[in-house]
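Notes follow once the structure below has been shown.
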Amino acid sequence: MNKNNNYQWIGKSWTKVDGLAKAKGETVYADDLFLPRMLYAKMLRSPHPHARIKSIDISKALKRSGVVAAMTGKDLPIPFGILPVSQDEETLCVDKVRMIGDPVAAVAAIDEETAEAALEDIVVEYEILPSILTIEDGLKPLSERPVREESGLPAPDVPAAEAQIHEYADSGNIHKQVALEFGDTETGFAEADHIREELFYYEGNTHLPMEEHSAVAQHGADGRVTLWSSTQTPHYVHRALAKVLEMPASQIRVIATPVGGGFGGKTDPFQHEMVVCKLAMMTGRPVKLTLTREEVFYTHRGRHPVLMFVKAGMKSDGSITALHFRNFLDGGAYGSYGVASTFYTGALQTVTYPIANYKFEAMRVFTNKAPCGPKRGHGTPQPRFALEVLLDKFAEDLNLDPAELRLRHLMPDNSKTINHLTVTTNGLGECIRKVTESSGFQKRRTESTLGKGIGLGCGSYLSGAGLPIYWNKMPHSGVQIKIDRGGGVTIFCGSTDIGQGSNSVLAGIVAEELGIGIEQVIVVTADTDLTPVDLGSYSSRVTLMIGNATLAAVRPLREQILSATAEVLKIPAEKLTLRRGQVVSKNGSVEPVSFVDAVQWAETKFGTLGSVGSYTPPRRGGKFKGAGVGPSPNYSYSACVAEVTCDPESGLYSVDKLWLAHDIGQAINEKLVIGQVEGGAYMGLSEATMEAQVYRAGKDNPAGLHKTPSMLDYKSLTALDMPEVETILIETHDPEGPYGAKEAGQGPLLPIMPAIANAINNAVGVRVDEVPITPEKIFQGLQNLKKGKSGRIGPKKFPKITFPEALKVEPPEDNSVL
């Protein structure tokens with residue numbers, strides 16, 4: 001990595017500004033909060049996957065000693081949701097439940113034990129409705145009787161409409177349908193020398209944050225409601241509360257407490273946040289509600305299970321003439337970010353390799369299971385897995401090295417994709433070259449013995465969405481900075497540090513521009529009363545957007561300080577600079593001046609030193625419906641080589657080492673970037689090898705019951721399972737990012753899963769076309785090979801359903817943005 005020695009902080013490594021406090025246990029998380037006279041809340045949840053609520057009796061609970069208040073959905077009936085098109089969630093279910101775990105009532109008591117006991121006093125009468133548990137069931141017209149019901153018996157003879165989970169769905173239980181075609185795929189397939197049609201499946205999985213969701217609310221004497229919550233998006237929670245509570249937003253304060261892991265799972269507004277606010281208003285006392293681990297599993301918003309059909313046409317030189325993706329997503333019981341997730345399963349395939357013609361079709365279905373949403377990578381790991389495995393299959397057809405196939409065809413810098421996305425800089429080529437060189441990929445791939453294998457996977461991700469969740473033309477991020485006459489600098493920003501180190505990014509940029517120490521910068525974030533709006537920590541937007549906003553705010557202050565100092569020293573301002581706590585002349589012609597003196601001179605000249613800055617992404621993308629998903633200021637790129645050892649008899653395997661290169665644009669804090677890249681590798685490896693959020697289908701347990709709702713039973717990688725990771729940072733100095741930066745939080749996850757699948761194939765000849773890639777599946781493939789059959793393991797059938805006619809979109813007239 002090229003280090004710019006002109007920087008004091010940027011590109012270097014320094015300790016996270018909040019790291020020591022977390023290590024010493026000083027950091028106060030939401031569940032650590034305790035306010036005088038505080039009550040504890042619990043929610044009663046549905047034991048049924050789909051049922052009508054006939055009655056709820058909370059009278060007995062209210063009579064229990066220690067219970068102060070209880071509420072049902074009728075106390076707060078206004079629906080909410082993160083997307084304007086999916087306002088389908090209720091604080092507590094009013095008329096029916098749509099999944100096991102749906103909340104139907106809540107109580108506030110003097111302690112958690114009393115609140116928990118009071119839930120048993122609440123009597124709910126349900127009328128069981130047919131449940132939808134699979135993608136196939138969700139695709140069926142309502143006129144066809146659902147095949148599953150809670151008891152495992154055939155569905156009762158009820159009107160077909162009773163099987164519909166939400167009435168606003170596009171059709172039946174099909175939440176969202178997308179059909180787009182860029183260019184002419186039929187012509188592209190006709191021009192291809194090789195065509196492949198493949199099926200892939202990616203199982204759903206969950207975020208597994210160390211910290212459970214938690215919230216505390218207080219209704220003050222002034223009538224204002226304050227909510228402290230473990231949330232990634234305080235701004236969107238603030239908006240949802242104003243709607244649900246029917247209060248002016250100015251009367252509501254949301255403070256995002258430090259977040260002990262989010263990964264996308266804390267980006268929605270949630271029921272428990274609404275519940276504590278309402279109960280605080282009802283009782284006049286602070287109320288806390290912390291979810292149990294099992295409740296977190298049902299709150300979910302994790303990775304969508306996706307069934308994929310992929311057809312691709314390729315010339316003998318490896319160029320892609322046509323690509324057709326058809327995806328089915330299991331969305332669970334609610335919309336969440338699902339409409340965006342549906343588009344994301346098609347939007348970003350195009351930014352890595354040029355695709356001459358592209359058709360994308362997708363359907364997201366509602367099912368009576370926990371709602372899926374924006375887990376790290378948000379809709380992109382599933383299709384990226386399919387595409388990267390498919391490229392390896394083409395490499396076999398063409399007798400090409402997989403790395404060479406990819407290197408021949410990369411999206412050039414300053415170009416537009418077939419679906420109107422703008423690629424500013426693309427470091428994927430360098431990523432591929434570095435990981436293949438470091439791992440000895442070409443030699444190991446062809447010369448390794450049976451049971452040892454090596455595989456390559458690539459990926460790309462966006463540095464923040466180009467459009468906000470609700471339509472407006474206001475900035476996506478804002479920053480305010482004040483400097484006191486003692487030299488202290490405070491930066492106010494609405495962003496949420498969820499462990500990725502965004503507070504350190506803020507402090508580092510200010511320290512760099514003002515030439516001071518990190519310790520002189522005080523960071524105040526994520527408080528709707530104190531900080532300007534930032535849209536939240538999601539879509540890898542934070543470094544780029546708050547970074548640009550910070551630069552816009554701090555540079556005018558820098559100029560004021562230099563201007564005032566120049567006046568005192570009687571030297572042109574352009575001959576001065578700020579460095580290491582002083583104002584110094586660039587040629588050493590005058591004695592250095594302390595930063596504190598310079599600040600006081602500037603305050604004398606200009607008055608109180610304060611400045612604001614904001615950032616709005618450039619308007620990009622096409623003008624077709626759905627074009628709002630995919631545009632970004634820039635895109636990061638990643639390449640991974642995985643080495644595995646697999647027993648050719650049992651299928652048991654281990655991942656021995658990962659080589660992972662990431663196009664970071666420019667590291668702000670190198671240590672934090674490496675941590676993010678390796679964190680993505682960990683999560684990707686865990687998904688690839690074992691993670692699955694799966695449900696029971698009836699029989700001995702209620703249909704839709706989570707099979708493994710605990711950290712003991714849900715399989716995920718531990719630190720002891722992690723192999724060595726060799727991290728390589730590639731810098732492309734993108735013009736859109738602060739100092740040239742791109743994202744690092746999500747992109748490094750994407751190449752892990754296909755790299756492992758390709759390595760397994762190289763080791764033992766078995767193709768596992770689904771995630772997770774388990775030893776049981778490999779064993780079955782090995783058995784098939786011994787019988788002379790195909791060693792492929794994966795989905796064998798695909799739903800036959802008619803998609804709406806695809807919207808035809810003309811490719812960009814000129815694919816160059818220069």
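In the structure tokens, chains take the letters A, B, ... in the order shown, each chain's residues start at 1, and ligands count up from 1 in the order shown.
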
Practice problem: Please identify which residues in segment 562-763 of chain A DSSP calls alpha helix (DSSP H) from the backbone, and express them as a PyMOL selection string. | Solution: chain A and resi 562-569+595-606+670-689+752-763

Exercise. Identify, with DSSP run on backbone atoms, the residues in segment 189-418 of chain A assigned to strand (DSSP E or B), and express the list as a ChimeraX atom specification.
Key: /A:194-202,214-219,225-229,252-256,287-290,306-314,320-330,355,358-365,415-416

Quiz item: If you measure from atom CA of Trp9 of chain A to atom CA of Asn669 of chain A, what distance in Å do you get, rounded to one decimal?
Solution: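 Calculated distance between atom CA of Trp9 of chain A and atom CA of Asn669 of chain A is 7.5 Å.
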
Practice problem: Would you kindly return, as a PyMOL selection string, each protein, DNA or RNA residue with an atom no farther than 12 Å from any atom of Gln783 of chain A, considering only C-alpha atoms and excluding same-chain residues fewer than 6 positions away? | Solution: chain A and resi 648-651+764-766+776-777+789-793

Once you have the residues from the selection above, write them out as a PDB file, in the first residue's frame, restricted to C-alpha atoms.
ATOM      1  CA  PRO A 648     -12.051 -37.173  -0.070  1.00  0.00           C
ATOM      2  CA  GLU A 649     -13.906 -39.887   1.834  1.00  0.00           C
ATOM      3  CA  SER A 650     -15.970 -38.086   4.471  1.00  0.00           C
ATOM      4  CA  GLY A 651     -16.248 -34.582   3.048  1.00  0.00           C
ATOM      5  CA  VAL A 764     -12.268 -33.139  -4.474  1.00  0.00           C
ATOM      6  CA  GLY A 765     -14.243 -32.409  -7.654  1.00  0.00           C
ATOM      7  CA  VAL A 766     -17.558 -31.742  -5.902  1.00  0.00           C
ATOM      8  CA  GLU A 776     -22.751 -33.602   4.544  1.00  0.00           C
ATOM      9  CA  LYS A 777     -23.332 -32.040   1.137  1.00  0.00           C
ATOM     10  CA  LYS A 789     -22.926 -39.488 -11.430  1.00  0.00           C
ATOM     11  CA  SER A 790     -22.438 -35.743 -11.306  1.00  0.00           C
ATOM     12  CA  GLY A 791     -20.717 -34.451  -8.205  1.00  0.00           C
ATOM     13  CA  ARG A 792     -22.904 -31.341  -8.177  1.00  0.00           C
ATOM     14  CA  ILE A 793     -25.008 -30.674  -5.096  1.00  0.00           C
TER      15      ILE A 793
END

Write out as a compact mmCIF listing (two decimals) with N, CA, C and O atoms, in the first residue's frame which residues come within 10 Å of Met722 of chain A when counting only C-alpha atoms, dropping same-chain ones fewer than 6 positions away.
# COMPACT_ATOMS: atom_id res chain seq x y z
N SER A 654 -11.53 -28.20 6.18
CA SER A 654 -11.12 -27.01 6.93
C SER A 654 -10.60 -25.98 5.94
O SER A 654 -10.08 -26.32 4.88
N VAL A 655 -10.80 -24.73 6.29
CA VAL A 655 -10.23 -23.64 5.50
C VAL A 655 -8.90 -23.29 6.15
O VAL A 655 -8.85 -22.87 7.31
N ASP A 656 -7.82 -23.49 5.41
CA ASP A 656 -6.48 -23.34 5.97
C ASP A 656 -6.00 -21.90 5.99
O ASP A 656 -5.33 -21.47 6.92
N LYS A 657 -6.35 -21.14 4.93
CA LYS A 657 -5.87 -19.76 4.85
C LYS A 657 -6.71 -18.99 3.84
O LYS A 657 -7.21 -19.56 2.86
N LEU A 658 -6.87 -17.70 4.10
CA LEU A 658 -7.50 -16.79 3.16
C LEU A 658 -6.52 -15.69 2.80
O LEU A 658 -5.85 -15.13 3.68
N ALA A 681 -14.29 -11.10 6.39
CA ALA A 681 -13.83 -12.46 6.09
C ALA A 681 -14.40 -13.46 7.08
O ALA A 681 -14.84 -14.56 6.71
N TYR A 682 -14.41 -13.08 8.36
CA TYR A 682 -14.97 -13.96 9.39
C TYR A 682 -16.44 -14.25 9.13
O TYR A 682 -16.89 -15.39 9.14
N LEU A 685 -16.96 -16.36 6.01
CA LEU A 685 -16.54 -17.74 6.23
C LEU A 685 -17.57 -18.49 7.07
O LEU A 685 -17.87 -19.67 6.82
N SER A 686 -18.13 -17.82 8.06
CA SER A 686 -19.15 -18.44 8.90
C SER A 686 -20.40 -18.77 8.09
O SER A 686 -20.98 -19.85 8.21

Per residue of segment 247-344 of chain A within 9 Å of segment 19-40 of chain A, which atom pair is closest and at what distance in Å (one decimal), using only C-alpha atoms, listed by chain and increasing number, as a Markdown table?
| residue | atom | partner | partner_atom | distance |
| --- | --- | --- | --- | --- |
| A:Ala256 | CA | A:Ala30 | CA | 8.5 |
| A:Thr257 | CA | A:Tyr29 | CA | 5.7 |
| A:Pro258 | CA | A:Tyr29 | CA | 5.4 |
| A:Val259 | CA | A:Tyr29 | CA | 6.9 |
| A:Gly260 | CA | A:Tyr29 | CA | 7.7 |
| A:Val276 | CA | A:Tyr40 | CA | 8.8 |
| A:Ala280 | CA | A:Leu39 | CA | 8.5 |
| A:Arg285 | CA | A:Met38 | CA | 6.0 |
| A:Pro286 | CA | A:Met38 | CA | 4.6 |
| A:Val287 | CA | A:Leu39 | CA | 4.6 |
| A:Lys288 | CA | A:Tyr40 | CA | 5.0 |
| A:Leu289 | CA | A:Tyr40 | CA | 6.0 |
| A:Thr290 | CA | A:Asp31 | CA | 6.5 |

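Interatomic distance, atom CA of Lys715 of chain A against atom CA of Ile778 of chain A: 18.0 Å.
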
Quiz item: Do you know which residues are at most 7 Å from Thr425 of chain A counting only C-alpha atoms, after dropping those on the same chain fewer than 5 positions away, and could you put them as a list of chain:residue names?
Solution: A:Asp413, A:Asn414, A:Thr732, A:Asp734

Find the residues of segment 585-700 of chain A that sit at most 12 Å from segment 528-547 of chain A; for each, write down the nearest two atoms and how far apart they are in Å, to one decimal. Count only C-alpha atoms. Sort by chain, then by number going up, and give it as a tab-separated table.
residue	atom	partner	partner_atom	distance
A:Val612	CA	A:Pro532	CA	9.3
A:Gly613	CA	A:Ile546	CA	9.3
A:Ser614	CA	A:Ile546	CA	7.9
A:Tyr615	CA	A:Met545	CA	6.1
A:Thr616	CA	A:Met545	CA	7.8
A:Pro617	CA	A:Met545	CA	7.9
A:Pro618	CA	A:Met545	CA	11.3
A:Val629	CA	A:Ser539	CA	11.1
A:Gly630	CA	A:Ser539	CA	10.4
A:Pro631	CA	A:Ser539	CA	11.4
A:Ser632	CA	A:Arg541	CA	9.1
A:Pro633	CA	A:Leu544	CA	8.5
A:Asn634	CA	A:Leu544	CA	9.2
A:Tyr635	CA	A:Ser540	CA	10.2
A:Ser636	CA	A:Ser540	CA	10.0
A:Ile664	CA	A:Thr543	CA	11.0
A:Gly665	CA	A:Leu544	CA	10.4
A:Gln666	CA	A:Leu544	CA	10.6
A:Ala667	CA	A:Thr543	CA	10.0
A:Ile668	CA	A:Thr543	CA	8.5
A:Asn669	CA	A:Thr543	CA	10.7
A:Leu672	CA	A:Thr543	CA	11.6
A:Val673	CA	A:Thr543	CA	10.8
A:Gln676	CA	A:Ser540	CA	11.1

Please, which residues in segment 161-181 of chain A fall within 10 Å of segment 98-119 of chain A when counting only C-alpha atoms, and what is the closest atom pair and distance in Å to one decimal for each, ordered by chain then residue number, as a tab-separated table?
residue	atom	partner	partner_atom	distance
A:Gln164	CA	A:Arg98	CA	9.8
A:Ile165	CA	A:Arg98	CA	6.6
A:His166	CA	A:Arg98	CA	8.9

Quiz item: Between atom CA of Leu462 of chain A and atom CA of Gly11 of chain A, what is the distance, to one decimal in Å?
Solution: 20.8 Å

Quiz item: Looking at A:Thr424, A:Thr72, A:Asn784, A:Gln582, which one is nearest to Gly517 of chain A, with distances taken over only C-alpha atoms?
Solution: A:Gln582

Self-check item: Nearby residues (only C-alpha atoms) at most 10 Å from Thr231 of chain A, same-chain spacing under 2 positions excluded, as a count of residues only
Solution: 34

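Distances from A:Phe297, A:Tyr637, A:Phe798, A:Trp601 to Val568 of chain A were compared using only C-alpha atoms, and the smallest one belongs to A:Trp601.
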